[in-house]
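**Student:** Below you'll find input.txt; it's compact mmCIF, C-alpha atoms and all ligand atoms.
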```txt
# COMPACT_ATOMS: atom_id res chain seq x y z
CA MET Z 18 0.00 0.00 0.00
CA LEU Z 19 1.26 3.47 -0.86
CA GLN Z 20 2.27 5.28 2.32
CA GLN Z 21 0.64 8.68 2.72
CA LYS Z 22 3.10 11.54 2.94
CA ILE Z 23 3.22 13.49 6.20
CA PRO Z 24 2.40 17.16 5.60
CA ALA Z 25 4.94 19.73 6.80
CA THR Z 26 4.24 23.44 7.22
CA VAL Z 27 7.11 25.92 7.09
CA ILE Z 28 6.55 29.06 9.14
CA THR Z 29 8.90 31.83 8.12
CA GLY Z 30 9.04 35.62 8.47
CA PHE Z 31 11.51 38.28 9.60
CA LEU Z 32 12.82 38.56 13.18
CA GLY Z 33 10.02 39.13 15.67
CA ALA Z 34 7.14 38.94 13.16
CA GLY Z 35 5.19 36.58 15.44
CA LYS Z 36 6.12 33.08 14.23
CA THR Z 37 6.39 31.54 17.71
CA THR Z 38 3.19 33.28 18.80
CA ILE Z 39 1.27 31.82 15.85
CA ILE Z 40 2.64 28.36 16.54
CA ARG Z 41 1.76 28.59 20.24
CA ASN Z 42 -1.78 29.51 19.26
CA MET Z 43 -1.99 26.74 16.71
CA LEU Z 44 -0.87 24.12 19.24
CA MET Z 45 -3.73 25.11 21.50
CA ASN Z 46 -6.23 24.69 18.63
CA ALA Z 47 -4.83 21.84 16.57
CA GLY Z 48 -7.91 19.68 17.11
CA GLY Z 49 -6.11 16.62 18.46
CA LYS Z 50 -3.56 16.42 15.64
CA LYS Z 51 -0.21 15.15 16.85
CA ILE Z 52 2.29 17.85 15.90
CA ALA Z 53 6.08 17.60 15.73
CA LEU Z 54 7.89 20.94 15.84
CA ILE Z 55 11.31 21.74 14.43
CA ILE Z 56 12.48 25.11 15.64
CA ASN Z 57 15.42 27.00 14.25
CA GLU Z 58 16.82 30.11 15.88
CA PHE Z 59 19.56 32.61 15.16
CA GLY Z 60 21.55 33.03 18.36
CA ASP Z 61 22.00 30.02 20.58
CA LEU Z 62 19.82 30.76 23.56
CA GLY Z 63 16.85 28.61 22.47
CA VAL Z 64 14.19 31.07 23.61
CA ASP Z 65 11.49 29.99 21.12
CA GLY Z 66 11.83 26.29 21.99
CA ASP Z 67 11.64 27.14 25.65
CA VAL Z 68 8.57 29.31 25.19
CA LEU Z 69 6.81 26.56 23.21
CA LYS Z 70 7.77 23.81 25.66
CA GLY Z 71 6.23 26.00 28.34
CA CYS Z 72 2.81 26.00 26.68
CA GLY Z 73 2.16 22.40 27.77
CA ALA Z 74 0.03 21.27 24.80
CA ASP Z 75 -0.90 17.55 24.99
CA ASN Z 76 -0.61 17.09 21.23
CA CYS Z 77 2.97 18.37 21.22
CA THR Z 78 5.03 17.30 24.21
CA GLU Z 79 8.64 18.26 24.97
CA ASP Z 80 9.77 15.19 23.02
CA ASP Z 81 8.01 16.46 19.93
CA ILE Z 82 9.91 19.76 19.97
CA ILE Z 83 13.29 19.63 18.28
CA GLU Z 84 15.56 22.67 18.40
CA LEU Z 85 18.14 23.49 15.73
CA THR Z 86 20.27 26.30 17.09
CA ASN Z 87 23.34 25.64 15.01
CA GLY Z 88 22.93 28.64 12.70
CA CYS Z 89 20.20 29.40 10.19
CA ILE Z 90 18.41 26.35 8.83
CA CYS Z 91 18.98 27.45 5.21
CA CYS Z 92 22.76 27.16 5.65
CA THR Z 93 22.72 23.90 7.61
CA VAL Z 94 20.16 21.96 5.58
CA ALA Z 95 22.43 19.02 4.81
CA ASP Z 96 24.13 18.77 8.21
CA ASP Z 97 21.27 19.60 10.51
CA PHE Z 98 17.84 19.64 8.97
CA VAL Z 99 17.93 16.52 6.78
CA PRO Z 100 19.35 14.21 9.51
CA THR Z 101 16.87 15.63 12.02
CA MET Z 102 13.97 15.02 9.67
CA LEU Z 103 15.11 11.48 8.89
CA LYS Z 104 15.38 10.70 12.60
CA LEU Z 105 11.92 12.09 13.18
CA LEU Z 106 10.53 9.88 10.42
CA GLU Z 107 12.08 6.80 12.05
CA ARG Z 108 10.03 7.26 15.22
CA ASP Z 109 7.50 4.53 16.05
CA VAL Z 110 4.73 7.02 16.58
CA LYS Z 111 4.67 9.30 13.54
CA PRO Z 112 3.36 12.84 13.81
CA ASP Z 113 0.19 13.78 11.91
CA HIS Z 114 1.80 17.06 10.89
CA ILE Z 115 5.27 18.58 11.09
CA VAL Z 116 5.68 22.31 11.69
CA ILE Z 117 9.03 23.97 11.05
CA GLU Z 118 9.75 27.45 12.39
CA THR Z 119 12.69 28.99 10.56
CA SER Z 120 14.88 31.61 12.13
CA GLY Z 121 13.86 35.16 11.27
CA LEU Z 122 16.96 35.46 9.08
CA ALA Z 123 16.55 32.23 7.15
CA LEU Z 124 15.77 31.91 3.47
CA PRO Z 125 12.96 29.36 3.12
CA GLN Z 126 14.02 28.30 -0.40
CA PRO Z 127 16.89 25.92 0.51
CA LEU Z 128 14.72 24.38 3.21
CA VAL Z 129 11.85 23.70 0.81
CA ALA Z 130 14.34 22.32 -1.73
CA ALA Z 131 15.46 19.76 0.88
CA PHE Z 132 12.02 18.16 0.61
CA ASN Z 133 13.09 16.95 -2.83
CA TRP Z 134 15.90 14.86 -1.34
CA PRO Z 135 15.14 11.23 -2.23
CA ASP Z 136 14.79 9.94 1.37
CA ILE Z 137 12.49 12.78 2.31
CA ARG Z 138 10.47 13.27 -0.87
CA THR Z 139 8.82 9.87 -0.62
CA ARG Z 140 7.69 10.40 2.97
CA VAL Z 141 6.94 14.10 3.55
CA THR Z 142 5.50 16.94 1.51
CA VAL Z 143 5.46 20.69 2.15
CA ASP Z 144 1.83 21.44 2.94
CA GLY Z 145 2.59 25.14 2.67
CA VAL Z 146 5.01 27.95 3.42
CA VAL Z 147 3.43 30.50 5.72
CA THR Z 148 5.20 33.86 5.78
CA VAL Z 149 4.43 35.98 8.84
CA VAL Z 150 4.70 39.73 8.43
CA ASP Z 151 5.12 42.28 11.22
CA SER Z 152 2.59 44.77 9.82
CA ALA Z 153 3.65 47.47 12.27
CA ALA Z 154 7.27 47.17 11.15
CA VAL Z 155 6.25 47.36 7.48
CA ALA Z 156 4.16 50.46 8.21
CA ALA Z 157 7.14 52.02 10.00
CA GLY Z 158 9.23 51.59 6.85
CA ARG Z 159 11.47 48.86 8.28
CA PHE Z 160 11.64 47.03 4.94
CA ALA Z 161 11.43 50.01 2.65
CA ASP Z 162 14.30 50.58 0.33
CA ASP Z 163 15.72 54.06 0.19
CA HIS Z 164 16.20 53.80 -3.58
CA ASP Z 165 18.24 57.00 -3.91
CA ALA Z 166 20.62 56.02 -1.14
CA VAL Z 167 21.12 52.53 -2.56
CA ALA Z 168 21.74 53.91 -6.04
CA ALA Z 169 24.34 56.30 -4.61
CA GLU Z 170 26.06 53.48 -2.72
CA ARG Z 171 26.11 51.36 -5.87
CA ALA Z 172 27.72 54.21 -7.79
CA GLU Z 173 30.47 54.30 -5.13
CA ASP Z 174 30.97 50.56 -4.93
CA ASP Z 175 30.76 48.28 -7.98
CA ASN Z 176 30.69 45.19 -5.81
CA LEU Z 177 27.44 46.17 -4.15
CA ASP Z 178 25.14 43.84 -5.99
CA HIS Z 179 22.08 43.77 -3.82
CA GLU Z 180 19.60 45.84 -1.91
CA SER Z 181 19.68 46.25 1.86
CA PRO Z 182 20.02 42.79 3.45
CA ILE Z 183 16.83 43.26 5.47
CA GLU Z 184 14.75 44.25 2.47
CA GLU Z 185 16.12 41.46 0.33
CA LEU Z 186 15.41 38.83 2.95
CA PHE Z 187 11.91 40.19 3.49
CA GLU Z 188 11.15 39.83 -0.23
CA ASP Z 189 12.70 36.36 -0.42
CA GLN Z 190 10.49 35.19 2.43
CA LEU Z 191 7.40 36.67 0.71
CA THR Z 192 8.36 35.13 -2.63
CA CYS Z 193 8.32 31.65 -1.13
CA ALA Z 194 4.89 31.98 0.54
CA ASP Z 195 1.73 29.98 -0.04
CA LEU Z 196 0.03 32.05 2.64
CA ILE Z 197 1.03 35.48 3.93
CA VAL Z 198 -0.16 36.41 7.42
CA LEU Z 199 -0.22 40.14 8.04
CA ASN Z 200 0.23 39.90 11.80
CA LYS Z 201 0.14 42.63 14.50
CA THR Z 202 -2.78 44.41 12.84
CA ASP Z 203 -3.86 45.44 16.36
CA LEU Z 204 -1.10 48.06 16.16
CA LEU Z 205 -2.52 49.74 13.02
CA ASP Z 206 -5.72 51.42 11.89
CA ALA Z 207 -7.62 50.40 8.74
CA ALA Z 208 -5.73 52.80 6.48
CA GLY Z 209 -2.42 51.54 7.87
CA ILE Z 210 -3.41 47.93 7.23
CA ALA Z 211 -4.48 48.76 3.66
CA ALA Z 212 -1.11 50.42 3.02
CA VAL Z 213 0.75 47.39 4.38
CA ARG Z 214 -1.36 45.09 2.21
CA ALA Z 215 -0.49 47.18 -0.85
CA GLU Z 216 3.22 47.26 -0.02
CA VAL Z 217 3.43 43.51 0.63
CA THR Z 218 1.51 42.76 -2.58
CA GLY Z 219 3.96 44.92 -4.49
CA ARG Z 220 6.93 42.99 -3.09
CA THR Z 221 6.12 39.64 -4.66
CA SER Z 222 5.39 38.71 -8.25
CA ARG Z 223 3.48 35.64 -7.11
CA LYS Z 224 0.10 36.33 -5.55
CA PRO Z 225 -0.35 34.00 -2.58
CA SER Z 226 -3.39 34.28 -0.28
CA MET Z 227 -3.08 36.96 2.36
CA ILE Z 228 -4.87 37.15 5.69
CA GLU Z 229 -4.75 39.56 8.61
CA ALA Z 230 -4.15 38.51 12.20
CA LYS Z 231 -3.59 39.94 15.63
CA ASN Z 232 -1.69 38.30 18.44
CA GLY Z 233 -0.88 35.43 16.14
CA GLU Z 234 -4.48 34.21 16.11
CA VAL Z 235 -4.84 32.22 12.90
CA PRO Z 236 -7.30 29.28 12.87
CA SER Z 237 -5.35 26.03 12.61
CA LEU Z 238 -7.67 24.96 9.79
CA VAL Z 239 -6.30 27.88 7.78
CA LEU Z 240 -2.71 27.31 8.79
CA LEU Z 241 -2.55 23.52 8.37
CA GLY Z 242 -3.96 21.69 5.36
CA ILE Z 243 -3.07 24.14 2.57
CA GLY Z 244 -2.07 21.17 0.39
CA ALA Z 245 0.37 23.14 -1.76
CA SER Z 246 3.18 20.56 -2.32
CA THR Z 247 5.48 23.57 -2.42
CA GLU Z 248 8.57 21.47 -3.18
CA ASP Z 249 7.16 20.89 -6.69
CA ASP Z 250 6.96 24.62 -7.33
CA ILE Z 251 10.33 25.71 -5.95
CA ASP Z 252 11.60 26.89 -9.35
CA ASN Z 253 8.97 29.64 -9.36
CA ARG Z 254 10.07 31.03 -6.00
CA LYS Z 255 13.74 31.83 -6.44
CA SER Z 256 15.48 34.10 -3.94
CA HIS Z 257 17.46 37.20 -4.94
CA HIS Z 258 20.58 35.20 -4.24
CA GLU Z 259 19.58 32.34 -6.53
CA LEU Z 260 18.65 34.75 -9.32
CA GLU Z 261 21.95 36.63 -8.98
CA HIS Z 262 23.80 33.33 -8.98
CA GLU Z 263 22.04 32.28 -12.19
CA ALA Z 264 22.74 35.60 -13.87
CA LEU Z 265 26.45 35.36 -12.99
CA HIS Z 266 26.57 31.76 -14.13
CA ALA Z 267 25.07 32.73 -17.50
CA SER Z 268 27.67 35.48 -17.91
CA GLY Z 269 30.50 33.15 -16.91
CA GLU Z 270 31.34 35.24 -13.84
CA ASP Z 271 30.02 32.87 -11.21
CA HIS Z 272 32.87 32.06 -8.84
CA GLY Z 273 30.84 30.00 -6.42
CA HIS Z 274 29.58 32.77 -4.15
CA HIS Z 275 27.56 31.13 -1.36
CA HIS Z 276 24.68 32.54 0.59
CA ASP Z 277 25.55 33.33 4.21
CA HIS Z 278 24.44 35.60 6.98
CA ASP Z 279 27.49 37.81 7.14
CA GLU Z 280 25.29 40.87 7.23
CA PHE Z 281 23.81 39.92 10.59
CA GLU Z 282 25.34 39.13 13.93
CA SER Z 283 24.15 37.92 17.30
CA PHE Z 284 25.57 37.43 20.74
CA VAL Z 285 24.35 36.15 24.08
CA LEU Z 286 24.86 38.37 27.08
CA LYS Z 287 24.67 37.30 30.71
CA LEU Z 288 23.80 39.98 33.23
CA GLY Z 289 23.25 39.96 36.96
CA ALA Z 290 19.82 40.06 38.57
CA ILE Z 291 17.64 43.00 37.50
CA LYS Z 292 15.84 44.51 40.48
CA ASP Z 293 13.62 46.88 38.57
CA ALA Z 294 12.56 45.42 35.20
CA SER Z 295 10.57 48.45 34.09
CA ASP Z 296 13.54 50.72 34.77
CA PHE Z 297 15.74 48.32 32.75
CA ILE Z 298 13.30 48.53 29.85
CA ASP Z 299 13.32 52.33 29.96
CA ARG Z 300 17.12 52.28 29.81
CA LEU Z 301 17.20 49.64 27.11
CA LYS Z 302 14.98 51.51 24.63
CA PRO Z 303 17.52 54.23 23.78
CA VAL Z 304 20.25 51.58 23.51
CA ILE Z 305 18.15 49.63 21.00
CA GLU Z 306 17.53 52.80 19.05
CA LYS Z 307 21.16 53.95 19.14
CA HIS Z 308 22.55 50.66 17.82
CA ASP Z 309 19.58 49.65 15.66
CA ILE Z 310 19.25 46.36 17.55
CA LEU Z 311 16.84 44.29 15.44
CA ARG Z 312 15.84 41.77 18.08
CA LEU Z 313 16.56 41.18 21.74
CA LYS Z 314 15.00 38.38 23.76
CA GLY Z 315 15.70 36.20 26.73
CA PHE Z 316 15.06 35.71 30.41
CA ILE Z 317 15.48 38.09 33.33
CA ASP Z 318 16.22 37.16 36.92
CA VAL Z 319 14.18 39.48 39.14
CA PRO Z 320 15.31 39.04 42.77
CA GLY Z 321 12.53 37.90 45.10
CA LYS Z 322 10.36 36.60 42.24
CA PRO Z 323 9.96 32.82 41.96
CA MET Z 324 9.10 33.12 38.24
CA ARG Z 325 11.47 34.02 35.44
CA LEU Z 326 10.64 37.08 33.38
CA VAL Z 327 10.64 36.68 29.58
CA ILE Z 328 11.71 39.77 27.67
CA GLN Z 329 10.88 40.19 23.97
CA ALA Z 330 12.04 43.27 22.10
CA VAL Z 331 11.31 43.81 18.42
CA GLY Z 332 12.92 47.13 17.65
CA THR Z 333 11.96 49.43 20.53
CA ARG Z 334 8.67 47.64 21.21
CA ILE Z 335 9.32 45.60 24.35
CA ASP Z 336 7.04 43.00 25.97
CA THR Z 337 7.73 41.21 29.25
CA TYR Z 338 5.84 38.47 31.07
CA PHE Z 339 6.54 35.89 33.77
CA ASP Z 340 6.31 32.46 32.13
CA ARG Z 341 7.27 29.82 34.69
CA PRO Z 342 9.08 29.31 38.00
CA TRP Z 343 12.85 28.91 37.91
CA THR Z 344 13.63 25.24 38.43
CA SER Z 345 16.14 23.95 40.98
CA ALA Z 346 18.16 22.46 38.09
CA GLU Z 347 18.82 25.81 36.42
CA LYS Z 348 20.91 28.80 37.42
CA ARG Z 349 18.97 31.99 38.02
CA GLU Z 350 20.54 34.57 35.78
CA THR Z 351 19.64 37.16 33.20
CA ARG Z 352 20.45 35.91 29.69
CA LEU Z 353 19.71 37.87 26.55
CA VAL Z 354 20.26 37.18 22.88
CA VAL Z 355 20.90 40.34 20.88
CA ILE Z 356 20.70 40.46 17.05
CA GLY Z 357 21.75 43.30 14.80
CA LEU Z 358 23.42 44.22 11.56
CA HIS Z 359 27.02 43.21 11.16
CA GLU Z 360 28.42 46.71 10.87
CA TRP Z 361 27.51 47.61 14.43
CA ASP Z 362 30.14 48.58 16.97
CA PHE Z 363 30.04 45.30 18.86
CA ALA Z 364 31.98 46.38 21.97
CA SER Z 365 29.88 49.47 22.38
CA VAL Z 366 26.57 47.53 22.04
CA VAL Z 367 27.68 45.08 24.72
CA GLU Z 368 28.81 47.90 26.97
CA ASP Z 369 25.55 49.84 26.60
CA VAL Z 370 23.27 46.83 27.19
CA GLN Z 371 25.37 45.88 30.21
CA ALA Z 372 25.18 49.42 31.53
CA ALA Z 373 21.37 49.45 31.12
CA GLY Z 374 21.27 46.28 33.23
CA SER Z 375 23.83 47.17 35.84
CA GLU Z 376 22.32 50.53 36.69
CA THR Z 377 19.17 48.79 37.91
CA ALA Z 378 20.85 45.78 39.51
N1 LIG Z 401 1.03 43.75 19.47
C1 LIG Z 401 1.28 42.53 18.97
N2 LIG Z 401 2.37 41.88 19.38
C2 LIG Z 401 2.59 40.64 18.88
C3 LIG Z 401 1.72 40.03 17.94
N3 LIG Z 401 2.23 38.81 17.61
C4 LIG Z 401 3.36 38.68 18.32
N4 LIG Z 401 3.59 39.77 19.09
C5 LIG Z 401 4.72 40.03 20.00
O1 LIG Z 401 5.88 40.20 19.19
C6 LIG Z 401 7.04 39.66 19.88
C7 LIG Z 401 7.74 38.66 18.99
O2 LIG Z 401 6.88 37.56 18.78
P1 LIG Z 401 7.42 36.11 18.43
O3 LIG Z 401 6.24 35.23 18.21
O4 LIG Z 401 8.44 35.69 19.42
O5 LIG Z 401 8.14 36.42 17.05
P2 LIG Z 401 9.07 35.45 16.19
O6 LIG Z 401 8.76 35.74 14.77
O7 LIG Z 401 8.90 34.04 16.63
O8 LIG Z 401 10.51 35.99 16.58
P3 LIG Z 401 11.97 35.38 16.14
O9 LIG Z 401 11.88 33.90 16.29
O10 LIG Z 401 12.93 36.02 17.08
O11 LIG Z 401 12.21 35.80 14.74
C8 LIG Z 401 6.51 39.08 21.17
O12 LIG Z 401 6.68 40.02 22.20
C9 LIG Z 401 5.03 38.85 20.89
O13 LIG Z 401 4.24 38.90 22.06
C10 LIG Z 401 0.57 40.77 17.51
O14 LIG Z 401 -0.23 40.33 16.67
N5 LIG Z 401 0.41 42.01 18.07
```
Using structure tokens, write down the structure from this file.
**Tutor:**
Amino acid sequence: MLQQKIPATVITGFLGAGKTTIIRNMLMNAGGKKIALIINEFGDLGVDGDVLKGCGADNCTEDDIIELTNGCICCTVADDFVPTMLKLLERDVKPDHIVIETSGLALPQPLVAAFNWPDIRTRVTVDGVVTVVDSAAVAAGRFADDHDAVAAERAEDDNLDHESPIEELFEDQLTCADLIVLNKTDLLDAAGIAAVRAEVTGRTSRKPSMIEAKNGEVPSLVLLGIGASTEDDIDNRKSHHELEHEALHASGEDHGHHHDHDEFESFVLKLGAIKDASDFIDRLKPVIEKHDILRLKGFIDVPGKPMRLVIQAVGTRIDTYFDRPWTSAEKRETRLVVIGLHEWDFASVVEDVQAAGSETA
């Protein structure tokens, strides 16, 4: 008898768009489906996996959550993703559905292409690529190209062959989508949402379905069961990098330039206990602004509190909440992962974040 392929949904989208929030919501409403999660993060603190393990869904236990923190999934497909997937498929109890959360900096294309590997192709299919968009960030011009500035830079530097790394990645993630979720619409009015819709539509030549969401609330019936078999259509969803590569190849100038994430950098910072979290946040905001920190997240040790405080910053928008008690097996400490553009003054970022923490300690 022909074995039915297990559907896999790829959830992608730029840093902080709301991927983990959507997945957490979906797990609570998956209607009894047994879900296996593969979570990839940039920066090795494993915050997303920890947040999802904390949600305690019966249909997705800790064993069903696999973390890949060894770089972006698109660069480690052969070494990390494929072996992980094969191991998952060897389990006695197979999942009904596999959900893969890419890092916010990952290109979905190489990941989808991996579903055409012989050992995987016969057993799993990509049900759909869901690209989550931070509508508030789009409205604030986070992904907008300053065309004049880029043209001027290109005139100065012949080697500059692409747009800003953030904008390019944003478009690559949209290009690969079967479904685009315009998330965080609670932060915009109707005119703002319409403008975001128009901008996102203009950024992709394909026209995938688009829905609006707030707080990551997307019905699991919409999210799972798209039935796209995306791996069969990968040639229509090429990234900027793949197109550049092809153009160079055709002109005989292709010297094997590989995609990497040189433009972005992350580090993990350990700080002492933070007595006054709201004071810390007030001090952190100008630091984020000064250094254009793209994403900061982690856990804060607040003395006297039995629970650990989760901190989530996307640009200068900062959320905090207590998620669970510290366990006796773990060390109480403040640990933050900080992600920014490569050209930042690393020592000065570290110093300023540390200073924001130490002044409240
Ligand atoms: N206001 C608002 N905040 C949201 C919404 N969805 C998510 N957030 C918040 O945005 C922050 C980032 O959400 P995550 O779900 O962690 O985003 P992510 O895409 O998984 O982030 P990375 O994995 O770091 O790329 C968190 O503080 C969320 O609570 C939304 O619809 N509205």
**Student:** Applying 12 Å and all atoms listed in the file, which residues near Arg352 in chain Z remain after dropping the ones on its own chain fewer than 2 positions away? List them as a VMD selection string.
**Tutor:** chain Z and resid 60 to 64 284 to 291 313 to 319 325 to 329 348 to 350 354 to 355 370 to 371 374
**Student:** Enumerate, in order of chain and increasing residue number, the residues of range 181-218 of chain Z with an atom no farther than 7 Å from range 223-235 of chain Z, each with its shortest atom pair and distance in Å to one decimal, counting only C-alpha atoms, as JSON lines.
**Tutor:**
```
{"residue": "Z:Thr192", "atom": "CA", "partner": "Z:Arg223", "partner_atom": "CA", "distance": 6.6}
{"residue": "Z:Ala194", "atom": "CA", "partner": "Z:Pro225", "partner_atom": "CA", "distance": 6.4}
{"residue": "Z:Asp195", "atom": "CA", "partner": "Z:Pro225", "partner_atom": "CA", "distance": 5.2}
{"residue": "Z:Leu196", "atom": "CA", "partner": "Z:Ser226", "partner_atom": "CA", "distance": 5.0}
{"residue": "Z:Ile197", "atom": "CA", "partner": "Z:Met227", "partner_atom": "CA", "distance": 4.6}
{"residue": "Z:Val198", "atom": "CA", "partner": "Z:Ile228", "partner_atom": "CA", "distance": 5.1}
{"residue": "Z:Leu199", "atom": "CA", "partner": "Z:Glu229", "partner_atom": "CA", "distance": 4.6}
{"residue": "Z:Asn200", "atom": "CA", "partner": "Z:Ala230", "partner_atom": "CA", "distance": 4.6}
{"residue": "Z:Lys201", "atom": "CA", "partner": "Z:Lys231", "partner_atom": "CA", "distance": 4.7}
{"residue": "Z:Thr202", "atom": "CA", "partner": "Z:Lys231", "partner_atom": "CA", "distance": 5.3}
{"residue": "Z:Asp203", "atom": "CA", "partner": "Z:Lys231", "partner_atom": "CA", "distance": 5.6}
```
**Student:** Could you check how far CA of Glu280 in chain Z sits from CA of His359 in chain Z, in Å to one decimal?
**Tutor:** 4.9 Å
**Student:** Would you compute the distance between CA of Cys72 in chain Z and CA of Asp340 in chain Z? Give it in Å to one decimal.
**Tutor:**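 So the answer is 9.1 Å.
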**Student:** Let me make sure I understand: among Z:Glu58, Z:Glu185, Z:Asp293, Z:Glu282, which one has the smallest atom-to-atom distance to ligand LIG 401 (chain Z) if we use all atoms listed in the file?
**Tutor:** Z:Glu58
**Student:** Give me the residues within 10 Å of Asp81 in chain Z as a list in words, counting only C-alpha atoms and dropping any in the same chain fewer than 2 places off.
**Tutor:** Lys51, Ile52, Ala53, Leu54, Ile55, Lys70, Asn76, Cys77, Thr78, Glu79, Ile83, Glu84, Leu105, Pro112 and Ile115 of chain Z
**Student:** State, in Å with one decimal place, the distance from CA of Asp136 in chain Z to CA of Leu106 in chain Z.
**Tutor:**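 Computing the Euclidean distance for CA of Asp136 in chain Z and CA of Leu106 in chain Z yields 10.0 Å.
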**Student:** Have a look at Z:Asp97, Z:Asp113, Z:Asp151, Z:Asp336 and name the one nearest to ligand LIG 401 (chain Z); count all atoms listed in the file.
**Tutor:**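 Among the listed residues, Z:Asp336 lies closest to ligand LIG 401 (chain Z).
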**Student:** Return the single residue from Z:Val116, Z:Val150, Z:Ala47, Z:Ala25 that is closest to Thr218 in chain Z, with distances computed using all atoms listed in the file.
**Tutor:**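 When distances to Thr218 in chain Z are compared using all atoms listed in the file, the smallest one comes from Z:Val150.
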**Student:** With a distance cut-off of 10 Å and only C-alpha atoms, select the neighbouring residues of Ile28 in chain Z, excluding the residue or stretch itself and same-chain residues fewer than 2 positions from it, and output the selection as a list of chain:residue names.
**Tutor:**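 My list of contacting residues is Z:Ala25, Z:Thr26, Z:Gly30, Z:Gly35, Z:Lys36, Z:Thr37, Z:Ile39, Z:Ile40, Z:Ile56, Z:Val116, Z:Ile117, Z:Glu118, Z:Thr119, Z:Ser120, Z:Gly121, Z:Pro125, Z:Gly145, Z:Val146, Z:Val147, Z:Thr148, Z:Val149, Z:Gln190, Z:Ala194, Z:Leu196, Z:Ile197, Z:Leu240.
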**Student:** Considering all atoms listed in the file, can you say which of Z:Asp80, Z:Asp309, Z:Glu107, Z:Glu261 comes closest to Ile356 in chain Z?
**Tutor:**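 Smallest separation from Ile356 in chain Z among the options: Z:Asp309.
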**Student:** Leu128 in chain Z: which residues within 10 Å, counting all atoms listed in the file, same-chain residues fewer than 5 positions away excluded, as a short mmCIF file (atom, residue, chain, number, x, y, z; two decimals) with C-alpha atoms, in the coordinates of the input?
**Tutor:**
```
data_model
loop_
_atom_site.label_atom_id
_atom_site.label_comp_id
_atom_site.auth_asym_id
_atom_site.auth_seq_id
_atom_site.Cartn_x
_atom_site.Cartn_y
_atom_site.Cartn_z
CA VAL Z 27 7.11 25.92 7.09
CA ILE Z 90 18.41 26.35 8.83
CA CYS Z 91 18.98 27.45 5.21
CA CYS Z 92 22.76 27.16 5.65
CA THR Z 93 22.72 23.90 7.61
CA VAL Z 94 20.16 21.96 5.58
CA ALA Z 95 22.43 19.02 4.81
CA PHE Z 98 17.84 19.64 8.97
CA VAL Z 99 17.93 16.52 6.78
CA ILE Z 117 9.03 23.97 11.05
CA THR Z 119 12.69 28.99 10.56
CA ALA Z 123 16.55 32.23 7.15
CA ASN Z 133 13.09 16.95 -2.83
CA GLU Z 248 8.57 21.47 -3.18
#
```
**Student:** So which one's closest to ligand LIG 401 (chain Z), Z:Ile243, Z:Leu260, Z:Val141, Z:Val331? Using all atoms listed in the file, please.
**Tutor:**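 Checking each candidate against ligand LIG 401 (chain Z), we get Z:Val331 as the closest.
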**Student:** Which is closest to ligand LIG 401 (chain Z) among Z:Ala215, Z:Ile335, Z:Ala130, Z:Ala364, if we use only C-alpha atoms and all ligand atoms?
**Tutor:** Z:Ile335
**Student:** Which polymer residues have any atom within 12 Å of an atom of Asp249 in chain Z, counting all atoms listed in the file, with same-chain residues fewer than 2 positions away left out, as a VMD selection string?
**Tutor:** chain Z and resid 126 129 to 134 138 142 to 145 244 to 247 251 to 254
**Student:** Starting from 6 Å padding per side, set up an axis-aligned box that covers all listed atoms of range 131-135 of chain Z and hand over centre and edge lengths in Å, one decimal, as AutoDock Vina command-line options.
**Tutor:**
```
--center_x 14.0 --center_y 15.5 --center_z -1.0 --size_x 15.9 --size_y 20.5 --size_z 15.7
```
